[in-house]
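Structure below is coords05.tsv: TSV, C-alpha atoms.
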chain	number	residue	atom	x	y	z
A	8	MET	CA	1.05	-12.74	9.34
A	9	SER	CA	-1.24	-9.69	9.20
A	10	ARG	CA	-0.17	-6.36	10.62
A	11	SER	CA	-2.95	-6.34	13.22
A	12	ARG	CA	-1.94	-9.78	14.51
A	13	THR	CA	1.71	-8.77	14.63
A	14	GLU	CA	0.85	-5.70	16.69
A	15	ARG	CA	-1.32	-7.81	19.01
A	16	LEU	CA	1.49	-10.31	19.59
A	17	VAL	CA	3.98	-7.53	20.29
A	18	ASN	CA	1.57	-5.93	22.75
A	19	LEU	CA	1.01	-9.31	24.40
A	20	VAL	CA	4.75	-9.85	24.85
A	21	ILE	CA	5.18	-6.34	26.30
A	22	CYS	CA	2.31	-6.93	28.70
A	23	LEU	CA	3.61	-10.28	29.94
A	24	LEU	CA	7.15	-8.95	30.31
A	25	SER	CA	5.95	-5.98	32.33
A	26	THR	CA	4.52	-8.03	35.18
A	27	ARG	CA	6.05	-10.35	37.74
A	28	ARG	CA	2.81	-12.10	38.64
A	29	PHE	CA	0.70	-14.36	36.49
A	30	LEU	CA	-2.07	-12.62	34.54
A	31	THR	CA	-5.30	-14.42	33.78
A	32	ALA	CA	-6.88	-14.46	30.35
A	33	ALA	CA	-9.53	-11.99	31.55
A	34	GLN	CA	-6.85	-9.56	32.78
A	35	ILE	CA	-4.94	-9.89	29.52
A	36	ALA	CA	-8.12	-9.23	27.51
A	37	ALA	CA	-8.71	-6.04	29.49
A	38	THR	CA	-5.12	-4.86	29.05
A	39	VAL	CA	-3.86	-5.85	25.58
A	40	PRO	CA	-5.29	-4.03	22.54
A	41	GLY	CA	-6.84	-6.45	20.07
A	42	TYR	CA	-8.56	-8.66	22.62
A	43	GLU	CA	-11.52	-6.37	23.31
A	44	HIS	CA	-14.78	-8.28	23.62
A	45	ASP	CA	-17.91	-8.63	25.73
A	46	PRO	CA	-17.25	-11.46	28.25
A	47	ASP	CA	-20.99	-11.84	28.79
A	48	ASP	CA	-21.51	-12.62	25.12
A	49	ALA	CA	-20.83	-16.36	24.70
A	50	ARG	CA	-19.98	-16.05	21.01
A	51	GLU	CA	-17.54	-13.15	21.48
A	52	HIS	CA	-15.91	-14.82	24.47
A	53	GLU	CA	-15.44	-18.05	22.54
A	54	ALA	CA	-13.86	-16.11	19.65
A	55	PHE	CA	-11.48	-14.43	22.12
A	56	GLN	CA	-10.45	-17.77	23.59
A	57	ARG	CA	-9.66	-19.20	20.15
A	58	LYS	CA	-7.67	-16.11	19.25
A	59	PHE	CA	-5.75	-16.22	22.53
A	60	GLU	CA	-4.94	-19.92	22.12
A	61	ARG	CA	-3.59	-19.27	18.60
A	62	ASP	CA	-1.45	-16.40	19.86
A	63	LYS	CA	-0.02	-18.47	22.72
A	64	ALA	CA	0.91	-21.24	20.27
A	65	GLU	CA	2.48	-18.66	17.93
A	66	LEU	CA	4.63	-17.21	20.71
A	67	ARG	CA	5.82	-20.64	21.79
A	68	ASP	CA	6.68	-21.51	18.17
A	69	LEU	CA	8.74	-18.32	18.01
A	70	GLY	CA	10.68	-19.43	21.07
A	71	VAL	CA	9.11	-17.05	23.59
A	72	PRO	CA	9.28	-18.68	27.08
A	73	LEU	CA	5.61	-18.37	28.03
A	74	GLU	CA	5.03	-19.58	31.60
A	75	THR	CA	1.73	-20.83	33.06
A	76	GLY	CA	0.92	-20.75	36.76
A	77	THR	CA	-1.07	-19.13	39.56
A	78	ALA	CA	-0.25	-16.20	41.79
A	79	SER	CA	-1.37	-18.07	44.94
A	80	ALA	CA	-2.78	-21.38	46.08
A	81	PHE	CA	-6.25	-19.85	46.22
A	82	ASP	CA	-6.35	-18.95	42.52
A	83	THR	CA	-8.34	-21.40	40.43
A	84	GLU	CA	-7.75	-19.87	36.99
A	85	PRO	CA	-4.26	-20.22	35.48
A	86	GLY	CA	-2.30	-17.14	34.53
A	87	TYR	CA	0.54	-16.31	32.14
A	88	ARG	CA	3.80	-14.38	32.20
A	89	ILE	CA	7.21	-14.22	30.50
A	90	ALA	CA	10.29	-14.56	32.68
A	91	ARG	CA	12.78	-11.85	31.78
A	92	ARG	CA	15.79	-13.99	32.64
A	93	GLU	CA	14.76	-16.58	30.05
A	94	TYR	CA	13.52	-14.12	27.44
A	95	ALA	CA	16.64	-11.94	27.38
A	96	LEU	CA	19.38	-12.78	24.90
A	97	PRO	CA	22.35	-14.60	26.39
A	98	GLU	CA	25.69	-12.90	26.70
A	99	ILE	CA	27.65	-12.71	23.45
A	100	PRO	CA	31.28	-13.40	24.36
A	101	LEU	CA	33.74	-12.47	21.63
A	102	LYS	CA	37.44	-13.12	21.80
A	103	PRO	CA	39.76	-10.26	20.79
A	104	ASP	CA	40.39	-11.73	17.34
A	105	GLU	CA	36.64	-12.30	16.81
A	106	ALA	CA	35.83	-8.71	17.81
A	107	ALA	CA	38.53	-7.50	15.44
A	108	ALA	CA	36.99	-9.57	12.64
A	109	VAL	CA	33.62	-7.93	13.27
A	110	GLY	CA	35.31	-4.54	13.13
A	111	ILE	CA	36.94	-5.44	9.82
A	112	ALA	CA	33.60	-6.54	8.40
A	113	ALA	CA	31.99	-3.27	9.48
A	114	ARG	CA	34.73	-1.17	7.86
A	115	LEU	CA	34.63	-3.35	4.77
A	116	TRP	CA	30.93	-2.67	4.19
A	117	GLN	CA	31.41	1.04	4.86
A	118	HIS	CA	33.23	1.02	1.53
A	119	ALA	CA	30.59	-1.07	-0.22
A	120	GLY	CA	27.38	0.90	0.22
A	121	LEU	CA	25.98	-0.92	3.27
A	122	ALA	CA	27.14	1.60	5.86
A	123	ALA	CA	23.72	1.80	7.53
A	124	ALA	CA	23.47	-1.96	8.00
A	125	ALA	CA	27.04	-2.17	9.30
A	126	SER	CA	26.45	0.63	11.80
A	127	SER	CA	23.20	-0.98	12.96
A	128	GLY	CA	24.96	-4.30	13.55
A	129	LEU	CA	27.70	-2.65	15.61
A	130	ALA	CA	25.11	-0.74	17.67
A	131	LYS	CA	23.29	-3.98	18.53
A	132	LEU	CA	26.51	-5.67	19.61
A	133	ARG	CA	27.50	-2.71	21.78
A	134	ALA	CA	24.01	-2.69	23.33
A	135	ALA	CA	24.60	-6.32	24.27
A	136	GLY	CA	27.83	-5.36	26.04
A	137	VAL	CA	30.24	-6.47	23.30
A	138	ASP	CA	33.16	-4.08	22.87
A	139	VAL	CA	33.79	-3.98	19.12
A	140	ASP	CA	36.43	-1.64	17.76
A	141	PRO	CA	35.79	-1.00	14.04
A	142	HIS	CA	39.31	0.44	13.71
A	143	ALA	CA	41.03	-2.71	14.98
A	144	THR	CA	41.88	-4.10	11.56
A	145	LEU	CA	44.95	-6.17	12.47
A	146	GLY	CA	47.02	-4.10	10.05
A	147	LEU	CA	44.63	-4.74	7.16
A	148	GLU	CA	42.60	-2.25	5.15
A	149	PRO	CA	39.53	-4.15	3.90
A	150	MET	CA	37.88	-3.17	0.67
A	151	VAL	CA	34.89	-4.45	-1.29
A	152	ASN	CA	34.34	-2.81	-4.64
A	153	VAL	CA	30.76	-2.57	-5.80
A	154	ASP	CA	29.32	-0.92	-8.86
A	155	PRO	CA	27.23	2.27	-8.71
A	156	ALA	CA	24.13	0.19	-9.51
A	157	PHE	CA	24.55	-1.88	-6.31
A	158	ALA	CA	22.76	0.44	-3.89
A	159	PRO	CA	19.65	1.22	-5.97
A	160	LEU	CA	19.21	-2.39	-7.09
A	161	ALA	CA	19.63	-3.75	-3.56
A	162	ALA	CA	17.11	-1.20	-2.28
A	163	ALA	CA	14.63	-2.08	-5.05
A	164	ALA	CA	14.97	-5.81	-4.28
A	165	ARG	CA	14.33	-5.12	-0.60
A	166	ASP	CA	11.29	-2.93	-1.33
A	167	ARG	CA	9.95	-5.25	-4.08
A	168	ARG	CA	9.95	-2.39	-6.56
A	169	GLU	CA	10.36	-2.47	-10.35
A	170	VAL	CA	13.47	-0.84	-11.85
A	171	ARG	CA	14.52	0.32	-15.28
A	172	PHE	CA	18.07	0.68	-16.57
A	173	ASP	CA	20.25	0.55	-19.66
A	174	TYR	CA	22.37	-2.57	-20.05
A	175	ARG	CA	25.45	-2.93	-22.22
A	176	VAL	CA	25.99	-6.21	-24.05
A	177	PRO	CA	29.59	-6.82	-25.25
A	178	ASP	CA	28.69	-7.57	-28.88
A	179	ARG	CA	26.45	-4.49	-29.31
A	180	ASP	CA	27.35	-0.83	-29.69
A	181	ALA	CA	24.28	0.66	-28.00
A	182	PRO	CA	22.94	-0.45	-24.60
A	183	ASP	CA	19.53	-2.13	-24.30
A	184	HIS	CA	16.72	-0.78	-22.15
A	185	ARG	CA	15.59	-3.28	-19.48
A	186	ARG	CA	12.64	-3.46	-17.09
A	187	LEU	CA	13.19	-5.77	-14.14
A	188	GLN	CA	11.52	-6.92	-10.96
A	189	PRO	CA	14.68	-7.59	-8.88
A	190	TRP	CA	14.71	-10.51	-6.45
A	191	GLY	CA	18.15	-9.92	-5.01
A	192	VAL	CA	21.78	-8.94	-5.57
A	193	VAL	CA	24.50	-11.59	-5.16
A	194	CYS	CA	28.23	-11.93	-5.68
A	195	TRP	CA	29.52	-14.75	-7.86
A	196	ARG	CA	33.21	-15.29	-8.69
A	197	GLY	CA	34.11	-11.77	-7.64
A	198	ARG	CA	31.35	-10.05	-9.65
A	199	TRP	CA	27.99	-8.65	-8.58
A	200	TYR	CA	24.76	-9.70	-10.29
A	201	VAL	CA	21.08	-8.85	-9.92
A	202	VAL	CA	18.54	-11.63	-10.47
A	203	GLY	CA	14.88	-11.04	-11.16
A	204	HIS	CA	11.96	-11.24	-13.56
A	205	ASP	CA	12.56	-9.50	-16.89
A	206	LEU	CA	9.21	-7.88	-17.76
A	207	ASP	CA	9.99	-7.44	-21.47
A	208	ARG	CA	11.05	-11.06	-21.96
A	209	ASP	CA	8.70	-12.52	-19.34
A	210	ALA	CA	11.47	-14.74	-17.99
A	211	THR	CA	14.04	-14.99	-15.22
A	212	ARG	CA	17.20	-13.09	-16.05
A	213	CYS	CA	20.37	-12.01	-14.28
A	214	PHE	CA	22.50	-8.99	-15.13
A	215	ARG	CA	26.07	-8.15	-14.27
A	216	LEU	CA	26.15	-4.84	-12.42
A	217	SER	CA	29.33	-3.69	-14.14
A	218	ARG	CA	27.43	-3.62	-17.45
A	219	VAL	CA	24.65	-1.35	-16.21
A	220	VAL	CA	24.97	2.01	-17.97
A	221	GLY	CA	23.80	5.18	-16.28
A	222	PRO	CA	21.41	5.47	-13.34
A	223	VAL	CA	18.99	2.81	-12.15
A	224	ARG	CA	15.47	4.27	-12.08
A	225	ALA	CA	12.78	2.94	-9.73
A	226	ALA	CA	9.26	2.64	-11.13
A	227	GLY	CA	5.89	1.84	-9.62
A	228	THR	CA	5.17	1.31	-5.96
A	229	ALA	CA	6.83	-0.78	-3.29
A	230	GLY	CA	5.51	-4.29	-2.66
A	231	ALA	CA	4.34	-4.65	-6.26
A	232	TYR	CA	5.48	-8.29	-6.57
A	233	GLN	CA	6.76	-11.30	-4.64
A	234	PRO	CA	9.80	-13.40	-5.62
A	235	PRO	CA	9.32	-17.15	-5.95
A	236	VAL	CA	9.43	-18.98	-2.63
A	237	GLY	CA	12.80	-20.62	-1.96
A	238	VAL	CA	14.48	-19.16	-5.05
A	239	ASP	CA	18.25	-19.81	-5.20
A	240	LEU	CA	19.83	-16.70	-6.73
A	241	ILE	CA	23.34	-18.14	-6.84
A	242	SER	CA	22.13	-21.13	-8.87
A	243	HIS	CA	20.53	-18.82	-11.43
A	244	VAL	CA	23.75	-16.84	-11.78
A	245	ALA	CA	25.88	-20.00	-12.00
A	246	ARG	CA	23.73	-21.41	-14.82
A	247	TRP	CA	23.67	-18.10	-16.65
A	248	SER	CA	27.37	-17.30	-16.37
A	249	GLY	CA	28.43	-20.69	-17.66
A	250	PRO	CA	31.78	-22.38	-16.96
A	251	THR	CA	34.77	-20.64	-15.50
A	252	GLU	CA	36.28	-18.17	-17.92
A	253	HIS	CA	39.65	-18.99	-19.39
A	254	ALA	CA	42.54	-16.69	-18.59
A	255	GLY	CA	43.70	-14.41	-21.39
A	256	ARG	CA	46.62	-12.14	-22.16
A	257	ALA	CA	46.34	-8.51	-23.28
A	258	THR	CA	49.16	-6.52	-24.88
A	259	VAL	CA	49.28	-2.78	-24.23
A	260	LEU	CA	51.64	0.10	-24.95
A	261	VAL	CA	52.49	2.29	-21.96
A	262	THR	CA	54.27	5.63	-21.81
A	263	PRO	CA	57.73	5.17	-20.22
A	264	GLY	CA	57.68	5.88	-16.51
A	265	ARG	CA	53.88	5.72	-16.30
A	266	ALA	CA	51.23	3.19	-15.14
A	267	ALA	CA	53.21	1.67	-12.28
A	268	GLY	CA	50.13	-0.34	-11.24
A	269	LEU	CA	50.03	-2.14	-14.58
A	270	ARG	CA	53.75	-2.81	-14.51
A	271	ARG	CA	53.43	-4.59	-11.16
A	272	VAL	CA	50.93	-7.13	-12.53
A	273	ALA	CA	52.44	-7.52	-15.99
A	274	VAL	CA	53.89	-10.94	-16.84
A	275	GLU	CA	56.14	-9.47	-19.49
A	276	VAL	CA	57.62	-5.99	-19.94
A	277	THR	CA	59.56	-4.89	-23.04
A	278	CYS	CA	61.02	-1.39	-22.86
A	279	GLY	CA	61.11	0.75	-25.96
A	280	PRO	CA	62.28	4.27	-26.93
A	281	GLU	CA	58.77	5.72	-27.22
A	282	ALA	CA	56.56	3.19	-25.39
A	283	ASP	CA	56.91	0.07	-23.27
A	284	ARG	CA	55.08	-3.10	-24.25
A	285	LEU	CA	53.29	-4.87	-21.38
A	286	VAL	CA	51.54	-8.25	-21.38
A	287	LEU	CA	48.75	-8.35	-18.80
A	288	PRO	CA	46.85	-11.44	-17.60
A	289	TYR	CA	43.06	-11.14	-17.28
A	290	THR	CA	39.91	-13.20	-16.87
A	291	ASP	CA	37.24	-10.45	-17.08
A	292	VAL	CA	37.24	-8.22	-20.14
A	293	ASP	CA	34.98	-5.57	-18.57
A	294	LEU	CA	37.06	-5.38	-15.40
A	295	LEU	CA	40.30	-5.00	-17.33
A	296	ALA	CA	38.77	-2.38	-19.64
A	297	SER	CA	37.55	-0.31	-16.69
A	298	HIS	CA	41.03	-0.48	-15.19
A	299	LEU	CA	42.81	0.53	-18.39
A	300	VAL	CA	40.49	3.46	-19.09
A	301	GLY	CA	41.58	5.03	-15.81
A	302	TYR	CA	45.10	5.55	-17.18
A	303	GLY	CA	43.84	7.77	-20.01
A	304	PRO	CA	46.24	8.45	-22.90
A	305	GLU	CA	49.16	6.81	-21.09
A	306	VAL	CA	47.92	3.34	-22.15
A	307	ARG	CA	46.93	2.02	-25.58
A	308	VAL	CA	45.59	-1.51	-26.18
A	309	LEU	CA	47.08	-3.51	-29.05
A	310	ASP	CA	45.28	-6.83	-28.64
A	311	PRO	CA	43.15	-8.86	-28.23
A	312	PRO	CA	40.28	-7.16	-30.09
A	313	GLU	CA	37.77	-7.89	-27.33
A	314	VAL	CA	39.75	-5.83	-24.82
A	315	ARG	CA	40.38	-3.04	-27.34
A	316	ASP	CA	36.67	-2.87	-28.22
A	317	ALA	CA	35.67	-2.85	-24.55
A	318	VAL	CA	38.02	0.07	-23.86
A	319	ILE	CA	36.66	1.98	-26.86
A	320	GLN	CA	33.09	1.37	-25.68
A	321	ARG	CA	33.93	2.69	-22.21
A	322	LEU	CA	35.55	5.79	-23.69
A	323	LYS	CA	32.45	6.43	-25.81
A	324	GLU	CA	30.25	6.22	-22.72
A	325	ILE	CA	32.51	8.67	-20.88
A	326	ALA	CA	32.38	11.06	-23.85
A	327	VAL	CA	28.57	10.93	-23.90
A	328	ARG	CA	28.36	11.68	-20.17
A	329	HIS	CA	30.87	14.52	-20.56
A	330	ASP	CA	28.89	16.03	-23.44
A	331	SER	CA	25.68	15.90	-21.40
A	332	LEU	CA	27.42	17.65	-18.50
A	333	ALA	CA	28.89	20.26	-20.83
A	334	VAL	CA	25.46	21.00	-22.34
A	335	GLY	CA	24.01	21.49	-18.87
A	336	GLN	CA	26.79	23.87	-17.87
A	337	LEU	CA	26.42	25.80	-21.12
A	338	SER	CA	22.68	26.18	-20.52
A	339	ALA	CA	23.37	27.51	-17.04
A	340	ARG	CA	25.84	30.07	-18.41
A	341	SER	CA	23.36	31.12	-21.10
A	342	GLU	CA	20.72	31.67	-18.45
A	343	LEU	CA	23.11	33.82	-16.44
A	344	ALA	CA	24.02	35.80	-19.57
A	345	SER	CA	20.40	36.38	-20.69
A	346	PRO	CA	18.94	39.94	-20.63
A	347	ALA	CA	16.48	38.95	-17.89
A	348	ALA	CA	19.27	37.65	-15.69
A	349	ALA	CA	21.33	40.77	-16.47
A	350	GLY	CA	18.36	42.88	-15.42
A	351	ARG	CA	18.06	40.97	-12.17
A	352	ARG	CA	21.75	41.42	-11.46
A	353	ALA	CA	21.53	45.13	-12.31
A	354	GLY	CA	18.58	45.47	-9.94
A	355	SER	CA	20.51	43.71	-7.23
A	356	VAL	CA	23.54	46.00	-7.76
A	357	SER	CA	21.25	49.02	-7.76
A	358	ALA	CA	19.67	47.90	-4.50
A	359	ARG	CA	23.08	47.41	-2.89
A	360	SER	CA	24.16	50.84	-4.15
A	361	GLU	CA	21.01	52.38	-2.73
A	362	LEU	CA	21.66	50.76	0.63
A	363	ALA	CA	25.22	52.08	0.58
A	364	SER	CA	24.25	55.66	-0.47
A	365	PRO	CA	25.01	58.60	1.91
A	366	ALA	CA	21.28	59.33	2.39
A	367	VAL	CA	20.58	55.80	3.58
A	368	ALA	CA	23.72	55.78	5.71
A	369	ASN	CA	22.70	59.09	7.33
A	370	GLY	CA	19.21	57.69	7.91
A	371	ARG	CA	20.66	54.69	9.74
A	372	SER	CA	22.89	57.00	11.77
A	373	ALA	CA	19.92	59.14	12.71
A	374	ARG	CA	18.02	56.10	13.91

Write-out of the structure in structure tokens:
Amino acid sequence: MSRSRTERLVNLVICLLSTRRFLTAAQIAATVPGYEHDPDDAREHEAFQRKFERDKAELRDLGVPLETGTASAFDTEPGYRIARREYALPEIPLKPDEAAAVGIAARLWQHAGLAAAASSGLAKLRAAGVDVDPHATLGLEPMVNVDPAFAPLAAAARDRREVRFDYRVPDRDAPDHRRLQPWGVVCWRGRWYVVGHDLDRDATRCFRLSRVVGPVRAAGTAGAYQPPVGVDLISHVARWSGPTEHAGRATVLVTPGRAAGLRRVAVEVTCGPEADRLVLPYTDVDLLASHLVGYGPEVRVLDPPEVRDAVIQRLKEIAVRHDSLAVGQLSARSELASPAAAGRRAGSVSARSELASPAVANGRSAR
């Protein structure tokens, strides 16, 4: 539907809602923008009638209760209006447990990068008279963990905008550069994926968000492409991800008295004089590696090699980011220590000294 037609339909609905009596087609044409025409011109008037008939059919297809009738028995031309009582949304009754569930969902998405959408949904419910308490969590603290790439990829999919990012493949040391037209972001088996058209490979691809390295960069303009009609993102991810992963066991060495979180999930703990040996169950190598890296030097992976290599790769990425940050801070210090900056600081000190001098002070006192 074109923008002009959408605006015309909205204006028509507003016009018909704003009156209690039936308005004829001629009155509507004189009131609603988009229907302007010369009624004495047969061709223009016929075009208006066709347009008006199409708009009435469109409103009825959308479920708008468009009424037809006359204001009095003496009127020969039918008129139109929209009854407010039938157009308004019905009351939304929520039981206490249902309202609490809505509150939990709102708090859950506050943690997951969809705070604006959650707040908008609560505002609409409150406007409808539904009392929703987002803090009524029934003793639960909801949490959805999403990767840093979630927000920019979801925004790019909504705006139909191309993105570029670096993607880490498990069997490669360096990440690959990818250009993607994202169609949507979905969750499958507890992991988030983006599905879209890979521009470099000219094929449909899906990428696990946890393997995106660094920032996601938007490119081009919004509305640059259209996803296939009726595309099933979950089916693409299911075919790409393959069968359910088999559970594995990882053996790690932990400093005595440390990593209580790992000890709680360990299926086997063997205490030693210098380090404790823990056996941890896992199904996702990347997820386990991200978790282990957070413990720093308190945890060391013994096997399997895939987990050890994933941890090493994560540590390398952290080291690269740290080096980049350190270089930026060093450049800033060098700028502050440069002769030009020293001159500026000296000038600033001199100006403050001048302002604080007895002559200036006496001048202020005299004024």

Nearest residue to Pro72 of chain A from the set A:Val20, A:Glu51, A:Val176, A:Gln56 (distances using only C-alpha atoms):
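That would be A:Val20, the residue with the smallest distance to Pro72 of chain A.
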
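For the pair atom CA of Arg167 of chain A and atom CA of Thr228 of chain A, the interatomic distance is 8.3 Å.
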
With only C-alpha atoms counted, which protein, DNA or RNA residues have an atom no more than 8 Å from (9.8, -7.2, -14.0) in the file frame? Please answer as a PyMOL selection string.
chain A and resi 169-170+186-189+203-207+209

Looking at only C-alpha atoms, which of A:Cys213, A:Val223, A:Ala267, A:Ala64 is the one that sits closest to Pro155 of chain A?
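Result for the nearest residue to Pro155 of chain A: A:Val223.
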
Between atom CA of Ala54 of chain A and atom CA of Ala32 of chain A, what is the distance, to one decimal in Å?
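So the answer is 12.9 Å.
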
From the options A:Ala95, A:Glu105, A:Leu285, A:Gly41, which residue's atoms come nearest to Arg271 of chain A, counting all atoms listed in the file?
A:Leu285

Non-local contacts of Gly221 of chain A (9 Å; all atoms listed in the file; under 5 positions in same chain excluded) as a list in words:
Pro155, Ala156, Phe172, Asp173, Tyr174 and Arg328 of chain A

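Atom to atom, atom CA of Thr262 of chain A and atom CA of Arg218 of chain A stand 28.7 Å apart.
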
Given all atoms listed in the file as the basis, pick out the residue of A:Val244, A:Cys22, A:Ala231, A:Val272 nearest to Arg215 of chain A.
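Once distances to Arg215 of chain A are computed over all atoms listed in the file, the minimum belongs to A:Val244.
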
Could you name the residues that touch Leu287 of chain A at 9 Å or less, counting all atoms listed in the file, but leaving out those on the same chain fewer than 2 positions away, as a PDB file with C-alpha atoms, keeping the file's coordinate frame?
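Listed below is the output, part09.pdb:
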ATOM      1  CA  GLY A 255      43.700 -14.410 -21.390  1.00  0.00           C
ATOM      2  CA  ARG A 256      46.620 -12.140 -22.160  1.00  0.00           C
ATOM      3  CA  ALA A 257      46.340  -8.510 -23.280  1.00  0.00           C
ATOM      4  CA  THR A 258      49.160  -6.520 -24.880  1.00  0.00           C
ATOM      5  CA  VAL A 259      49.280  -2.780 -24.230  1.00  0.00           C
ATOM      6  CA  LEU A 269      50.030  -2.140 -14.580  1.00  0.00           C
ATOM      7  CA  ARG A 270      53.750  -2.810 -14.510  1.00  0.00           C
ATOM      8  CA  VAL A 272      50.930  -7.130 -12.530  1.00  0.00           C
ATOM      9  CA  ALA A 273      52.440  -7.520 -15.990  1.00  0.00           C
ATOM     10  CA  VAL A 274      53.890 -10.940 -16.840  1.00  0.00           C
ATOM     11  CA  GLU A 275      56.140  -9.470 -19.490  1.00  0.00           C
ATOM     12  CA  LEU A 285      53.290  -4.870 -21.380  1.00  0.00           C
ATOM     13  CA  TYR A 289      43.060 -11.140 -17.280  1.00  0.00           C
TER      14      TYR A 289
END

For Val308 of chain A, which residue among A:Arg321, A:Pro288, A:Leu260, A:Pro234 is the nearest when counting all atoms listed in the file?
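Residue with the minimum atom-to-atom distance to Val308 of chain A: A:Leu260.
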
When distances are computed from all atoms listed in the file, which of A:Val261, A:Leu160, A:Leu23, A:Val292 shows the smallest separation from Thr277 of chain A?
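Using all atoms listed in the file, the shortest distance to Thr277 of chain A belongs to A:Val261.
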
Test item: residues at most 7 Å from Phe214 of chain A, only C-alpha atoms, excluding those fewer than 4 positions along its chain, as a ChimeraX atom specification:
/A:200-202
